Amino acid sequence: MNEKIYFWGLVHSSLNTPKGLLLPLPPDCVNVNINRHSSWAWTEKKVFSWTQDYSSTPTPSMSADYNILNVTGEIGSPVLETTEQVTLAPDSVLDTVSNFSGFIILNKASQVKSSLNSSAVLSGIKKISSECSSFYALSKEGEVYKWAHIHTPSILEIPEKIVQISCGSQHTVFKSFNLGVYVLGSNSYGQIGLPSVSEVQVPIRLNGVCGSKVVCGGFHTLLLDDTGKLLSSGLGTMGQLINGGFNNNEVFTECELDAGLGRVADIYCAELTSFVKFTQNDCKKVENTERYGPILGFLHKHLVAATERAFLQRVKEEVKARNNEEKKRLKRELRVQEALVLFENEILPNWDQYKGSKVLGELVKKGLPSKFRGKVWVLLHEKKMKIREKDFEEGLKMVKELSDKNDLNSEEQGVVHNSLKLISLDITRTFNTLGYFSKDSPMNKDLQVLLEAACLFRQDIGYIQGMSYVAGMLLLNLEMRMAFSIFISIISSPVLLPFYKIDQEGIQRRNEIFLAVLLENLPDVHRDLEVQGVQLPIFLMEWFVTLYSKTLPQEVSVRVWDLYFYYGESALFKAGITIMKILKDELLSKDLSDIMTCFTHISEKITDPEKFILQYDTIKLPENLKRLINNL
């Protein structure tokens with residue numbers, strides 16, 4: 001490769017810089033592909049990776065028998081495109097992207113497949129991308145499809161043909177054929193360049209901005225405009241905005257580049273790092289392009305022909321299936337829009353009138369609008385919240401005092417010391433495929449502060465593994481102070497407290513009630529679990545400690561949380577029985593090993609929130625058992 005790449009921002013876990021550093025490349029490097037989830041470099045027949053340290057030479061990851069043309073992939077090993085690709089089956093993987101709900105695959109037949117819904121196939125796609133909660137696919141015609149979790153993809157209404165998509169942790173930027181720049185998602189740090197706007201829910205074109213390329217970091221964006229100028233916007237606390245310091249940019253601002261570095265040839269972003277490739281020798285670059293041009297043309301021609309022959313019949317079947325799914329999608333979207341309008345214009349302004357009503361209960365079962373979910377949780381839970389603002393401040397003060405004294409690692413702290421050590425270990429494990437709480441994410445620190453403050457505020461409870469999922473779910477929907485208040489009320493709940501304090505007698509009492517509810521609804525499952533000697537408290541511990549947010553996929557678990565805030569702790573018992581009812585056929589007449597395997601793979605088996613709620617509604621909770629739960 002005849003260019004040099006410089007980088008700004010996070011160098012490795014203990015170093016960041018606002019000054020450009022030369023990125024070390026392997027000898028005879030052909031090209032690189034750097035994004036938020038992976039950073040690849042390659043020579044003709046070998047792939048290298050930097051992992052999390054960009055100051056060191058990348059380490060070898062894979063070798064190939066044929067010349068490497070491109071390296072992609074965000075899941076596990078890199079996905080290689082080589083000169084052998086014409087001989088590969090059209091179903092071979094071309095690219096992969098992931099978020100907290102799973103991953104999607106783009107194959108060489110231009111089809112997108114989901115890990116969560118194998119029957120849903122999207123065709124005619126040339127590029128895929130994802131942020132923490134949504135997937136995106138760019139069609140060959142320039143249309144953008146968006147979907148979250150297992151929802152059917154829908155086309156975004158963008159009036160221009162889109163040619164590039166880039167996703168951050170919570171925001172997405174699109175570039176049109178005419179160099180227009182459209183933005184979508186969170187603007188909490190200015191990452192979409194709209195001052196005084198916190199979030200954009202439909203794509204908006206930026207006035208006066210043209211982009212030849214746009215790339216997103218976790219919470220910042222780089223834009224190379226049509227004149228060759230490099231602009232940046234968003235979070236700059238690591239120095240990643242190339243502005244000479246650590247300041248955020250609310251709007252796209254020209255970067256400070258040394259003219260001696262050369263012409264900007266390409267740009268990339270990792271989570272908290274920015275990369276710029278500078279041209280050193282344009283003539284050699286052209287020679288390099290010519291070298292691969294005929295090969296790519298040959299491969300494209302044969303790939304298209306093979307795709308048309310092999311998948312024509314399959315496409316026809318997909319069209320019919322998509323038409324049916326489209327009808328269902330339209331009904332779901334209509335219901336969501338109606339609920340959004342109803343909450344905004346009627347229910348929230350008249351909350352006292354609707355609180356506890358049958359109408360609200362039915363809407364809760366259908367799923368709260370994400371825009372108002374946190375607010376409704378607070379309103380439903382406010383009577384149980386005993387924590388005042390000064391209590392939160394006191395918790396923060398205690399954390400700071402211990403930190404200043406270097407007492408967080410003091411053996412004298414006993415239980416508190418052990419709890420704080422566990423918190424540090426657990427942060428990055430929380431929704432570990434979700435970028436919000438990764439090691440370099442700003443929300444990583446928020447989660448740690450909340451948990452440490454809570455641990456010090458309720459030293460009698462301390463911290464156990466799984467609590468971070470509850471705190472994380474709250475932080476995804478609420479600001480820190482309110483998340484802290486509700487978190488304390490949850491872990492202090494009489495029903496849940498024994499699980500957090502590892503009170504074996506209390507856990508056993510709740511297990512007996514759970515078994516009674518199971519016997520009432522699924523006597524055959526109750527019998528088989530008893531015969532096989534299944535110890536349910538093992539699973540109840542995880543289910544109740546995390547409020548199912550670790551056990552179930554995000555889209556299903558958040559619906560359980562809706563039910564929990566409306567119906568109280570009885571919803572947690574019913575949710576567990578719902579899981580068993582859905583898995584009934586896999587639990588009956590199975591040996592202990594098969595049953596344990598089934599319970600440890602629940603998130604792969606229960607993925608449809610609508611089906612989960614339908615089954616939840618069939619679970620009976622007799623009044624005597626409901627009283628037992630309420631009187632715990």
# chains A, B, ... in the order shown; residues from 1 in each chain; ligands from 1
$ residues_around --residues "region 240-244 of chain A" --least-positions-apart "6" --cutoff "6 Å" --atoms "only C-alpha atoms" --output "mmCIF file with N, CA, C and O atoms, in the first residue's frame"
data_model
loop_
_atom_site.group_PDB
_atom_site.id
_atom_site.type_symbol
_atom_site.label_atom_id
_atom_site.label_comp_id
_atom_site.auth_asym_id
_atom_site.auth_seq_id
_atom_site.Cartn_x
_atom_site.Cartn_y
_atom_site.Cartn_z
ATOM 1 N N TRP A 8 -6.158 9.303 15.498
ATOM 2 C CA TRP A 8 -6.357 10.204 16.633
ATOM 3 C C TRP A 8 -7.367 9.561 17.587
ATOM 4 O O TRP A 8 -8.292 8.877 17.142
ATOM 5 N N GLY A 9 -7.225 9.825 18.887
ATOM 6 C CA GLY A 9 -8.199 9.321 19.850
ATOM 7 C C GLY A 9 -7.627 8.217 20.705
ATOM 8 O O GLY A 9 -6.476 8.275 21.155
ATOM 9 N N PRO A 18 -4.851 13.601 21.167
ATOM 10 C CA PRO A 18 -5.449 14.439 20.120
ATOM 11 C C PRO A 18 -4.487 14.688 18.965
ATOM 12 O O PRO A 18 -4.834 15.389 18.011
ATOM 13 N N SER A 232 -15.501 16.936 11.309
ATOM 14 C CA SER A 232 -15.844 16.003 12.378
ATOM 15 C C SER A 232 -16.909 16.618 13.277
ATOM 16 O O SER A 232 -17.047 17.836 13.360
ATOM 17 N N CYS A 255 -11.418 19.664 10.359
ATOM 18 C CA CYS A 255 -10.362 19.090 11.191
ATOM 19 C C CYS A 255 -9.038 19.824 10.977
ATOM 20 O O CYS A 255 -8.799 20.406 9.914
ATOM 21 N N GLU A 256 -8.198 19.760 11.992
ATOM 22 C CA GLU A 256 -6.884 20.393 11.915
ATOM 23 C C GLU A 256 -5.856 19.376 11.441
ATOM 24 O O GLU A 256 -5.355 18.551 12.215
ATOM 25 N N THR A 273 -11.878 6.131 18.076
ATOM 26 C CA THR A 273 -10.649 6.456 17.358
ATOM 27 C C THR A 273 -10.989 6.836 15.921
ATOM 28 O O THR A 273 -11.914 6.273 15.327
ATOM 29 N N SER A 274 -10.248 7.807 15.368
ATOM 30 C CA SER A 274 -10.433 8.221 13.979
ATOM 31 C C SER A 274 -9.166 7.947 13.188
ATOM 32 O O SER A 274 -8.050 8.111 13.709
#
$ residues_around --residues "Asn178 (chain A)" --least-positions-apart "4" --cutoff "9 Å" --atoms "only C-alpha atoms" --output "PyMOL selection string"
chain A and resi 160-162+210-211
$ write_last_selection --atoms "all heavy atoms" --output "mmCIF file, in the first residue's frame"
data_model
loop_
_atom_site.group_PDB
_atom_site.id
_atom_site.type_symbol
_atom_site.label_atom_id
_atom_site.label_comp_id
_atom_site.auth_asym_id
_atom_site.auth_seq_id
_atom_site.Cartn_x
_atom_site.Cartn_y
_atom_site.Cartn_z
ATOM 1 N N GLU A 160 -33.653 10.478 -1.898
ATOM 2 C CA GLU A 160 -32.546 10.319 -2.838
ATOM 3 C C GLU A 160 -32.031 8.889 -2.816
ATOM 4 O O GLU A 160 -32.245 8.148 -1.849
ATOM 5 C CB GLU A 160 -31.399 11.271 -2.485
ATOM 6 C CG GLU A 160 -31.728 12.750 -2.583
ATOM 7 C CD GLU A 160 -30.497 13.602 -2.323
ATOM 8 O OE1 GLU A 160 -29.514 13.465 -3.085
ATOM 9 O OE2 GLU A 160 -30.514 14.393 -1.371
ATOM 10 N N LYS A 161 -31.326 8.530 -3.858
ATOM 11 C CA LYS A 161 -30.680 7.222 -3.917
ATOM 12 C C LYS A 161 -29.478 7.223 -2.976
ATOM 13 O O LYS A 161 -28.586 8.060 -3.084
ATOM 14 C CB LYS A 161 -30.222 6.923 -5.345
ATOM 15 C CG LYS A 161 -29.474 5.596 -5.485
ATOM 16 C CD LYS A 161 -29.029 5.379 -6.927
ATOM 17 C CE LYS A 161 -28.244 4.075 -7.045
ATOM 18 N NZ LYS A 161 -27.788 3.847 -8.452
ATOM 19 N N ILE A 162 -29.457 6.291 -2.041
ATOM 20 C CA ILE A 162 -28.383 6.209 -1.062
ATOM 21 C C ILE A 162 -27.296 5.256 -1.567
ATOM 22 O O ILE A 162 -27.584 4.194 -2.112
ATOM 23 C CB ILE A 162 -28.917 5.737 0.305
ATOM 24 C CG1 ILE A 162 -29.947 6.744 0.836
ATOM 25 C CG2 ILE A 162 -27.782 5.568 1.307
ATOM 26 C CD1 ILE A 162 -29.425 8.153 1.027
ATOM 27 N N CYS A 210 -22.056 18.497 1.962
ATOM 28 C CA CYS A 210 -21.939 17.465 0.931
ATOM 29 C C CYS A 210 -20.821 16.518 1.329
ATOM 30 O O CYS A 210 -19.775 16.959 1.825
ATOM 31 C CB CYS A 210 -21.637 18.082 -0.435
ATOM 32 S SG CYS A 210 -22.995 19.045 -1.118
ATOM 33 N N GLY A 211 -21.025 15.250 1.142
ATOM 34 C CA GLY A 211 -20.019 14.288 1.574
ATOM 35 C C GLY A 211 -19.643 13.305 0.492
ATOM 36 O O GLY A 211 -20.516 12.703 -0.129
#
$ residues_around --residues "Asn70 (chain A)" --least-positions-apart "6" --cutoff "12 Å" --atoms "only C-alpha atoms" --output "list of chain:residue names"
A:Val30, A:Asn31, A:Val32, A:Asn33, A:Ile34, A:Trp40, A:Ala41, A:Trp42, A:Thr43, A:Glu44, A:Lys45, A:Lys46, A:Val47, A:Ala64, A:Pro78, A:Val79, A:Leu80, A:Glu81, A:Thr82, A:Thr83, A:Gln85, A:Leu94, A:Asp95, A:Tyr292, A:Leu296
$ residues_around --residues "region 547-549 of chain A" --least-positions-apart "4" --cutoff "8 Å" --atoms "only C-alpha atoms" --output "list of chain:residue names"
A:Tyr469, A:Val470, A:Met473, A:Glu542, A:Trp543, A:Pro553, A:Gln554, A:Ser557, A:Val558, A:Val560, A:Trp561, A:Leu572
$ write_last_selection --atoms "all heavy atoms" --output "mmCIF file, in the first residue's frame"
data_model
loop_
_atom_site.group_PDB
_atom_site.id
_atom_site.type_symbol
_atom_site.label_atom_id
_atom_site.label_comp_id
_atom_site.auth_asym_id
_atom_site.auth_seq_id
_atom_site.Cartn_x
_atom_site.Cartn_y
_atom_site.Cartn_z
ATOM 1 N N TYR A 469 -27.207 -6.110 34.891
ATOM 2 C CA TYR A 469 -28.206 -6.164 33.810
ATOM 3 C C TYR A 469 -29.411 -5.283 34.141
ATOM 4 O O TYR A 469 -29.970 -4.622 33.266
ATOM 5 C CB TYR A 469 -28.653 -7.609 33.566
ATOM 6 C CG TYR A 469 -27.667 -8.410 32.757
ATOM 7 C CD1 TYR A 469 -26.593 -9.033 33.359
ATOM 8 C CD2 TYR A 469 -27.808 -8.526 31.379
ATOM 9 C CE1 TYR A 469 -25.674 -9.759 32.620
ATOM 10 C CE2 TYR A 469 -26.904 -9.258 30.627
ATOM 11 C CZ TYR A 469 -25.836 -9.864 31.256
ATOM 12 O OH TYR A 469 -24.930 -10.585 30.514
ATOM 13 N N VAL A 470 -29.799 -5.284 35.431
ATOM 14 C CA VAL A 470 -30.922 -4.439 35.846
ATOM 15 C C VAL A 470 -30.544 -2.964 35.711
ATOM 16 O O VAL A 470 -31.278 -2.160 35.145
ATOM 17 C CB VAL A 470 -31.338 -4.756 37.299
ATOM 18 C CG1 VAL A 470 -32.458 -3.823 37.755
ATOM 19 C CG2 VAL A 470 -31.787 -6.210 37.418
ATOM 20 N N MET A 473 -30.288 -1.987 31.969
ATOM 21 C CA MET A 473 -31.588 -1.808 31.323
ATOM 22 C C MET A 473 -32.199 -0.462 31.726
ATOM 23 O O MET A 473 -32.782 0.250 30.886
ATOM 24 C CB MET A 473 -32.533 -2.947 31.714
ATOM 25 C CG MET A 473 -33.917 -2.841 31.098
ATOM 26 S SD MET A 473 -33.949 -3.200 29.331
ATOM 27 C CE MET A 473 -34.237 -4.979 29.391
ATOM 28 N N GLU A 542 -31.073 -16.528 38.328
ATOM 29 C CA GLU A 542 -30.740 -15.655 37.194
ATOM 30 C C GLU A 542 -31.966 -14.906 36.694
ATOM 31 O O GLU A 542 -31.900 -13.700 36.422
ATOM 32 C CB GLU A 542 -30.143 -16.464 36.040
ATOM 33 C CG GLU A 542 -29.838 -15.608 34.818
ATOM 34 C CD GLU A 542 -29.379 -16.404 33.623
ATOM 35 O OE1 GLU A 542 -28.302 -17.026 33.708
ATOM 36 O OE2 GLU A 542 -30.096 -16.416 32.596
ATOM 37 N N TRP A 543 -33.106 -15.599 36.603
ATOM 38 C CA TRP A 543 -34.315 -14.973 36.063
ATOM 39 C C TRP A 543 -34.733 -13.771 36.903
ATOM 40 O O TRP A 543 -35.029 -12.707 36.363
ATOM 41 C CB TRP A 543 -35.442 -15.996 36.005
ATOM 42 C CG TRP A 543 -35.220 -17.125 35.039
ATOM 43 C CD1 TRP A 543 -34.156 -17.290 34.206
ATOM 44 C CD2 TRP A 543 -36.078 -18.243 34.817
ATOM 45 N NE1 TRP A 543 -34.299 -18.448 33.478
ATOM 46 C CE2 TRP A 543 -35.471 -19.056 33.829
ATOM 47 C CE3 TRP A 543 -37.293 -18.656 35.356
ATOM 48 C CZ2 TRP A 543 -36.052 -20.240 33.364
ATOM 49 C CZ3 TRP A 543 -37.869 -19.827 34.904
ATOM 50 C CH2 TRP A 543 -37.262 -20.606 33.915
ATOM 51 N N PRO A 553 -33.995 -12.546 24.913
ATOM 52 C CA PRO A 553 -33.509 -11.512 23.996
ATOM 53 C C PRO A 553 -34.058 -10.147 24.399
ATOM 54 O O PRO A 553 -35.123 -10.044 25.017
ATOM 55 C CB PRO A 553 -34.065 -11.944 22.638
ATOM 56 C CG PRO A 553 -34.344 -13.393 22.770
ATOM 57 C CD PRO A 553 -34.728 -13.608 24.207
ATOM 58 N N GLN A 554 -33.340 -9.099 24.047
ATOM 59 C CA GLN A 554 -33.688 -7.755 24.499
ATOM 60 C C GLN A 554 -35.131 -7.378 24.186
ATOM 61 O O GLN A 554 -35.829 -6.792 25.006
ATOM 62 C CB GLN A 554 -32.735 -6.749 23.837
ATOM 63 C CG GLN A 554 -32.778 -5.356 24.416
ATOM 64 C CD GLN A 554 -32.048 -5.273 25.740
ATOM 65 O OE1 GLN A 554 -31.335 -6.195 26.112
ATOM 66 N NE2 GLN A 554 -32.206 -4.186 26.441
ATOM 67 N N SER A 557 -37.340 -9.352 26.637
ATOM 68 C CA SER A 557 -37.171 -9.008 28.056
ATOM 69 C C SER A 557 -37.729 -7.628 28.378
ATOM 70 O O SER A 557 -38.267 -7.411 29.468
ATOM 71 C CB SER A 557 -35.696 -9.081 28.443
ATOM 72 O OG SER A 557 -34.919 -8.114 27.778
ATOM 73 N N VAL A 558 -37.635 -6.688 27.445
ATOM 74 C CA VAL A 558 -38.150 -5.348 27.739
ATOM 75 C C VAL A 558 -39.672 -5.377 27.881
ATOM 76 O O VAL A 558 -40.249 -4.587 28.622
ATOM 77 C CB VAL A 558 -37.694 -4.342 26.647
ATOM 78 C CG1 VAL A 558 -38.513 -4.485 25.375
ATOM 79 C CG2 VAL A 558 -37.762 -2.916 27.167
ATOM 80 N N VAL A 560 -41.241 -7.955 29.218
ATOM 81 C CA VAL A 560 -41.422 -8.476 30.578
ATOM 82 C C VAL A 560 -41.292 -7.336 31.581
ATOM 83 O O VAL A 560 -42.045 -7.256 32.559
ATOM 84 C CB VAL A 560 -40.400 -9.589 30.884
ATOM 85 C CG1 VAL A 560 -40.485 -10.015 32.354
ATOM 86 C CG2 VAL A 560 -40.626 -10.790 29.981
ATOM 87 N N TRP A 561 -40.354 -6.428 31.337
ATOM 88 C CA TRP A 561 -40.202 -5.276 32.225
ATOM 89 C C TRP A 561 -41.452 -4.396 32.205
ATOM 90 O O TRP A 561 -41.871 -3.885 33.242
ATOM 91 C CB TRP A 561 -38.972 -4.459 31.801
ATOM 92 C CG TRP A 561 -37.686 -5.017 32.319
ATOM 93 C CD1 TRP A 561 -37.182 -6.264 32.091
ATOM 94 C CD2 TRP A 561 -36.745 -4.349 33.141
ATOM 95 N NE1 TRP A 561 -35.983 -6.410 32.735
ATOM 96 C CE2 TRP A 561 -35.682 -5.242 33.384
ATOM 97 C CE3 TRP A 561 -36.683 -3.081 33.699
ATOM 98 C CZ2 TRP A 561 -34.582 -4.910 34.161
ATOM 99 C CZ3 TRP A 561 -35.570 -2.730 34.472
ATOM 100 C CH2 TRP A 561 -34.548 -3.643 34.705
ATOM 101 N N LEU A 572 -43.271 -11.547 37.250
ATOM 102 C CA LEU A 572 -42.033 -12.311 37.113
ATOM 103 C C LEU A 572 -42.307 -13.807 37.254
ATOM 104 O O LEU A 572 -41.675 -14.622 36.565
ATOM 105 C CB LEU A 572 -41.021 -11.854 38.173
ATOM 106 C CG LEU A 572 -40.629 -10.365 38.124
ATOM 107 C CD1 LEU A 572 -39.644 -10.053 39.239
ATOM 108 C CD2 LEU A 572 -40.056 -9.996 36.770
#
$ decode --residues "region 513-541 of chain A" --atoms "N, CA and C atoms" --output "CSV table (one decimal), in the first residue's frame"
chain,number,residue,atom,x,y,z
A,513,ILE,N,-43.4,-21.2,45.9
A,513,ILE,CA,-44.6,-20.5,45.2
A,513,ILE,C,-44.5,-20.7,43.7
A,514,PHE,N,-43.3,-20.5,43.1
A,514,PHE,CA,-43.2,-20.7,41.7
A,514,PHE,C,-43.6,-22.1,41.3
A,515,LEU,N,-43.2,-23.1,42.1
A,515,LEU,CA,-43.6,-24.5,41.7
A,515,LEU,C,-45.1,-24.7,41.8
A,516,ALA,N,-45.8,-24.0,42.8
A,516,ALA,CA,-47.2,-24.0,42.9
A,516,ALA,C,-47.9,-23.4,41.7
A,517,VAL,N,-47.4,-22.3,41.2
A,517,VAL,CA,-47.9,-21.7,40.0
A,517,VAL,C,-47.7,-22.6,38.8
A,518,LEU,N,-46.5,-23.3,38.7
A,518,LEU,CA,-46.2,-24.2,37.7
A,518,LEU,C,-47.2,-25.4,37.7
A,519,LEU,N,-47.4,-25.9,38.9
A,519,LEU,CA,-48.4,-27.1,39.0
A,519,LEU,C,-49.8,-26.7,38.6
A,520,GLU,N,-50.2,-25.4,38.9
A,520,GLU,CA,-51.5,-25.0,38.5
A,520,GLU,C,-51.6,-24.9,37.0
A,521,ASN,N,-50.6,-24.6,36.3
A,521,ASN,CA,-50.6,-24.3,34.8
A,521,ASN,C,-50.1,-25.5,34.0
A,522,LEU,N,-49.0,-26.1,34.4
A,522,LEU,CA,-48.4,-27.1,33.6
A,522,LEU,C,-48.0,-28.3,34.5
A,523,PRO,N,-49.0,-29.1,35.0
A,523,PRO,CA,-48.8,-30.2,35.9
A,523,PRO,C,-47.8,-31.3,35.3
A,524,ASP,N,-47.9,-31.5,34.0
A,524,ASP,CA,-47.0,-32.5,33.4
A,524,ASP,C,-45.6,-32.1,33.4
A,525,VAL,N,-45.3,-30.8,33.2
A,525,VAL,CA,-44.0,-30.3,33.2
A,525,VAL,C,-43.5,-30.3,34.7
A,526,HIS,N,-44.3,-29.9,35.6
A,526,HIS,CA,-44.0,-30.0,37.0
A,526,HIS,C,-43.6,-31.4,37.4
A,527,ARG,N,-44.3,-32.4,37.0
A,527,ARG,CA,-44.0,-33.8,37.3
A,527,ARG,C,-42.7,-34.2,36.7
A,528,ASP,N,-42.5,-33.9,35.5
A,528,ASP,CA,-41.2,-34.3,34.8
A,528,ASP,C,-40.0,-33.7,35.4
A,529,LEU,N,-40.1,-32.4,35.8
A,529,LEU,CA,-38.9,-31.7,36.4
A,529,LEU,C,-38.6,-32.3,37.7
A,530,GLU,N,-39.7,-32.7,38.5
A,530,GLU,CA,-39.5,-33.3,39.8
A,530,GLU,C,-38.9,-34.7,39.7
A,531,VAL,N,-39.3,-35.4,38.7
A,531,VAL,CA,-38.8,-36.8,38.5
A,531,VAL,C,-37.3,-36.7,38.1
A,532,GLN,N,-36.9,-35.7,37.2
A,532,GLN,CA,-35.5,-35.6,36.8
A,532,GLN,C,-34.7,-34.9,37.8
A,533,GLY,N,-35.2,-34.4,38.9
A,533,GLY,CA,-34.4,-33.7,39.9
A,533,GLY,C,-33.9,-32.4,39.5
A,534,VAL,N,-34.6,-31.7,38.7
A,534,VAL,CA,-34.2,-30.3,38.3
A,534,VAL,C,-34.3,-29.4,39.4
A,535,GLN,N,-33.2,-28.7,39.7
A,535,GLN,CA,-33.2,-27.7,40.8
A,535,GLN,C,-33.5,-26.3,40.3
A,536,LEU,N,-34.8,-26.0,40.3
A,536,LEU,CA,-35.2,-24.7,39.7
A,536,LEU,C,-34.6,-23.5,40.3
A,537,PRO,N,-34.3,-23.5,41.6
A,537,PRO,CA,-33.7,-22.2,42.2
A,537,PRO,C,-32.4,-21.8,41.4
A,538,ILE,N,-31.7,-22.7,40.8
A,538,ILE,CA,-30.6,-22.3,40.0
A,538,ILE,C,-31.0,-21.4,38.9
A,539,PHE,N,-32.1,-21.7,38.2
A,539,PHE,CA,-32.5,-20.8,37.1
A,539,PHE,C,-33.3,-19.6,37.6
A,540,LEU,N,-34.1,-19.8,38.7
A,540,LEU,CA,-34.9,-18.7,39.2
A,540,LEU,C,-33.9,-17.6,39.7
A,541,MET,N,-32.7,-18.0,40.2
A,541,MET,CA,-31.8,-17.0,40.6
A,541,MET,C,-31.4,-16.0,39.5
